[in-house]
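Enquirer: Please find one structure pasted underneath; my questions will follow.
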Amino acid sequence: MKSAVVIGAGIGGLAASVRLAHQGYQVTVFEANAFVGGKINSKQLGRYRFDMGPSVFTCPQYIKELYDLCDEDFGDFPYEKLGDSFTYYYPDGQRFTLPNGREALLDVIEQELGEDRQSVVAYLNKAEKNYDRITPLFIEASLHRWQHLMNKKLVTALAHLPAYNLGQTMHQVNKRAFRNPKTVQLFNRFASYNGSSPYEAPAMLNMISHLELNDGAYLPAEGMVQIPQKVKGLADKLGVEFRFNERVEEILVENGQAIGVRTAKGTHTADVVFSNMDVAFTYEKLMPKEVQPKKILRQEKSSSALVFYLGIKKTFPELGVHNIFFSEDYKSEYDHIFKKKEVYPDPTIYLNITSKRVPGDAPESCENWFLMVNTPVNVGQDWEENTRYLRQVMLAKVSKALGEDITPLIEVESVMNPVNIEDWYSGKMGSIYGNASNNSFATFYRHANFSKRTRGLYFVGVTVHPGGGIPLALNSAKIATRCLEEDLQRA
Ligand SMILES: Cc1cc2nc3c(=O)[nH]c(=O)nc-3n(C[C@H](O)[C@H](O)[C@H](O)COP(=O)(O)OP(=O)(O)OC[C@H]3O[C@@H](n4cnc5c(N)ncnc54)[C@H](O)[C@@H]3O)c2cc1C
């Protein structure tokens with residue numbers, strides 16, 4: 001029987017393990033931690049449970065694909081479409097909630113932000129069309145294999161080049177599309193979904209808003225942690241072996257072919273090796289003697305994050321599952337994150353409260369607060385001091401917006417900063433998504449899903465093509481296993 005090793009049980013590694021097992025491989029997954037899911041991790045603090053990483057779930061169809069592949073009933077994956085998308089708080093005190101659903105959403109944008117309804121419709125339609133044209137080529141296929149690209153979809157995509165506003169940034173296009181600077185800020189926010197700056201990221205990425213505003217935001221019945229747990233369930237049924245607390249220390253290469261891995265417990269040979277470890281660390285730590293793709297690894301990193309997990313002894317009916325407290329000067333905030341590499345004194349704060357929909361996540365009359373800000377990656381800043389500072393800034397800002405001092409309501413508390421992200425999940429410099437998309441060619445500087453030099457070596461996860469976020473990590477596994485199939489046919 002053919003054998004495969006997967007390094008890491010993040011969502012990309014889990015999806016790869018399912019697809020490889022489905023292709024007939026005997027799969028062994030080595031995971032440095034004691035749990036599956038990588039950054040889709042969960043924490044229990046007293047009576048409160050927290051999703052520690054991702055909280056916005058879009059594109060459930062990519063999970064369904066794995067269920068379909070395994071002939072399993074997708075009904076076994078309980079999730080709901082949220083009634084509301086986000087509640088927004090602006091520094092001048094304005095607050096509104098964007099509902100899921102086109103007409104209701106347009107009503108709010110028209111009434112609260114004074115936008116012309118038809119302009120917003122045109123913007124959202126364009127985001128959807130761009131997404132539909134680009135996805136089959138840039139998100140569901142390899143950019144590094146001509147046979148993935150040479151089809152009718154390429155012709156369709158190329159026929160609409162002007163719609164992508166090439167050479168312009170997200171902000172430039174949004175500034176022209178909307179009257180109100182608050183609407184511009186709201187739509188600029190989607191750059192953060194792959195850890196980039198709207199003032200540098202290509203306008204094409206405005207299509208990210210389509211996923212949340214046209215399609216909607218979802219939540220698994222027991223929180224985000226259910227996503228990796230359920231995918232592991234599929235892998236288990238296919239006989240995938242998981243070895244937890246076993247960090248891979250080296251990828252073994254012989255005559256240009258990956259032949260297995262070495263861990264502290266010994267060597268493990270395999271026909272193919274899939275790495276879900278951050279691609280920069282895969283090269284640096286697991287194959288330092290091999291030729292490094294320096295240009296790719298030198299690219300600017302995506303942002304990192306600092307998150308406080310707070311058990312709050314009160315409920316706030318005005319808050320939803322997803323809440324944003326905007327900064328006054330968004331440009332300055334992103335300059336701090338990417339140019340100055342400093343934490344910003346008036347950060348945009350994201351507050352996620354799963355207990356609004358998952359009652360078991362907090363005791364009665366209490367809420368589990370996930371309070372996050374985007375930060376620069378770790379370049380040696382004093383994160384102890386930054387954490388102390390941001391705690392005070394964030395609590396003061398949210399307290400002001402809600403008209404109530406939050407600090408005395410905190411029952412339990414914990415924190416994750418960029419150094420923790422690097423230590424706990426092996427994310428280089430604490431970057432959440434590997435390379436940032438802060439220039440027009442960034443997508444071409446993401447590592448391919450296969451090695452061009454080492455046969456039998458493949459890459460999955462958000463640090464490689466097609467990029468950041470759970471849906472894209474799931475696609476990375478689809479593309480990598482397709483590349484493997486093609487390589488076998490050619491051999
Ligand atoms: C605070 C935060 C908020 C986020 N919010 C969102 C969101 O709302 N929506 C969204 O879609 N995404 C979000 N993300 C990004 C999200 O984490 C990714 O979308 C996705 O979970 C990353 O998956 P991955 O496959 O790249 O692997 P990772 O989650 O990075 O997992 C990699 C795994 O490999 C293991 N590993 C690494 N090296 C080794 C080794 N040498 N040997 C064995 N095991 C190893 C690690 O322990 C880890 O388990 C967020 C991330 C963070 C940190």
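Convention: chains lettered A, B, ... in structure tokens order; per-chain residue numbering from 1; ligands numbered from 1 as shown.
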Just want the 8 Å neighbourhood of stretch 106-121 of chain A, counted on only C-alpha atoms, with same-chain residues fewer than 2 positions away dropped. Output as a VMD selection string.
Expert: chain A and resid 96 to 98 102 to 104 123 to 125 177 to 180 182 to 183
Enquirer: Could you please take those selected residues and save N, CA and C atoms as an mmCIF file, in the first residue's frame?
Expert:
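out.cif written:
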data_model
loop_
_atom_site.group_PDB
_atom_site.id
_atom_site.type_symbol
_atom_site.label_atom_id
_atom_site.label_comp_id
_atom_site.auth_asym_id
_atom_site.auth_seq_id
_atom_site.Cartn_x
_atom_site.Cartn_y
_atom_site.Cartn_z
ATOM 1 N N PHE A 96 -24.414 50.287 14.350
ATOM 2 C CA PHE A 96 -25.478 49.586 13.631
ATOM 3 C C PHE A 96 -25.056 48.143 13.395
ATOM 4 N N THR A 97 -26.057 47.319 13.115
ATOM 5 C CA THR A 97 -25.794 45.907 12.844
ATOM 6 C C THR A 97 -26.127 45.621 11.392
ATOM 7 N N LEU A 98 -25.205 44.993 10.693
ATOM 8 C CA LEU A 98 -25.488 44.572 9.319
ATOM 9 C C LEU A 98 -26.122 43.195 9.367
ATOM 10 N N ARG A 102 -29.567 40.190 1.488
ATOM 11 C CA ARG A 102 -29.282 41.329 0.620
ATOM 12 C C ARG A 102 -30.132 42.562 0.916
ATOM 13 N N GLU A 103 -31.485 42.427 0.898
ATOM 14 C CA GLU A 103 -32.325 43.619 1.004
ATOM 15 C C GLU A 103 -32.183 44.285 2.372
ATOM 16 N N ALA A 104 -32.163 43.465 3.421
ATOM 17 C CA ALA A 104 -32.044 44.021 4.775
ATOM 18 C C ALA A 104 -30.691 44.720 4.940
ATOM 19 N N TYR A 123 -21.660 47.266 -6.437
ATOM 20 C CA TYR A 123 -20.402 46.849 -5.803
ATOM 21 C C TYR A 123 -20.466 45.364 -5.399
ATOM 22 N N LEU A 124 -21.584 45.021 -4.731
ATOM 23 C CA LEU A 124 -21.698 43.632 -4.246
ATOM 24 C C LEU A 124 -21.839 42.647 -5.405
ATOM 25 N N ASN A 125 -22.539 43.058 -6.462
ATOM 26 C CA ASN A 125 -22.655 42.184 -7.637
ATOM 27 C C ASN A 125 -21.296 41.966 -8.292
ATOM 28 N N ALA A 177 -15.993 54.095 -4.753
ATOM 29 C CA ALA A 177 -17.301 53.414 -4.802
ATOM 30 C C ALA A 177 -18.309 54.001 -3.813
ATOM 31 N N PHE A 178 -17.811 54.550 -2.690
ATOM 32 C CA PHE A 178 -18.738 54.978 -1.631
ATOM 33 C C PHE A 178 -18.545 56.445 -1.263
ATOM 34 N N ARG A 179 -19.650 57.067 -0.820
ATOM 35 C CA ARG A 179 -19.628 58.486 -0.441
ATOM 36 C C ARG A 179 -19.036 58.682 0.946
ATOM 37 N N ASN A 180 -19.442 57.787 1.847
ATOM 38 C CA ASN A 180 -19.178 57.997 3.266
ATOM 39 C C ASN A 180 -17.870 57.301 3.662
ATOM 40 N N LYS A 182 -17.020 56.209 6.336
ATOM 41 C CA LYS A 182 -17.300 55.065 7.226
ATOM 42 C C LYS A 182 -17.586 53.800 6.416
ATOM 43 N N THR A 183 -18.244 53.966 5.254
ATOM 44 C CA THR A 183 -18.495 52.792 4.402
ATOM 45 C C THR A 183 -17.169 52.301 3.829
#
Enquirer: With DSSP run on the backbone, what are the strand (DSSP E or B) residues within stretch 136-267 of chain A? I'd like them as number ranges by chain.
Expert: A: 169, 202, 218-220, 241-243, 248-254, 257-263, 266-267
Enquirer: Taking only C-alpha atoms and all ligand atoms into account, which residues have an atom no farther than 7 Å from ligand 1? I'd like them as a PyMOL selection string.
Expert: chain A and resi 7-13+30-33+36-40+52-57+193+246-249+276-278+305+307+421+424-427+432-433+460-463+468-471+473
Enquirer: Once you count only C-alpha atoms, what closest atom pair and distance in Å to one decimal does each residue of stretch 430-469 of chain A within 10 Å of stretch 259-271 of chain A have, with rows by chain and rising residue number, as JSON lines?
Expert:
{"residue": "A:Thr454", "atom": "CA", "partner": "A:Ile259", "partner_atom": "CA", "distance": 9.9}
{"residue": "A:Arg455", "atom": "CA", "partner": "A:Ile259", "partner_atom": "CA", "distance": 9.2}
{"residue": "A:Gly456", "atom": "CA", "partner": "A:Asp271", "partner_atom": "CA", "distance": 6.8}
{"residue": "A:Leu457", "atom": "CA", "partner": "A:Ile259", "partner_atom": "CA", "distance": 8.9}
Enquirer: Considering only C-alpha atoms, return as a VMD selection string whatever protein or nucleic-acid residues lie within 6 Å of A:Pro99, sequence-local ones (same chain, fewer than 5 positions apart) excluded.
Expert: chain A and resid 84 to 85 105
Enquirer: To one decimal in Å, tell me the separation between atom CA of A:Asp215 and atom CA of A:Gly83.
Expert: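 Computed distance, atom CA of A:Asp215 to atom CA of A:Gly83, equals 11.9 Å.
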Enquirer: Rank A:Phe50, A:Tyr199, A:Phe338, A:Tyr88 by their smallest atom-to-atom distance to A:Val173, using only C-alpha atoms, and report the top residue only.
Expert: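 Residue with the minimum atom-to-atom distance to A:Val173: A:Tyr199.
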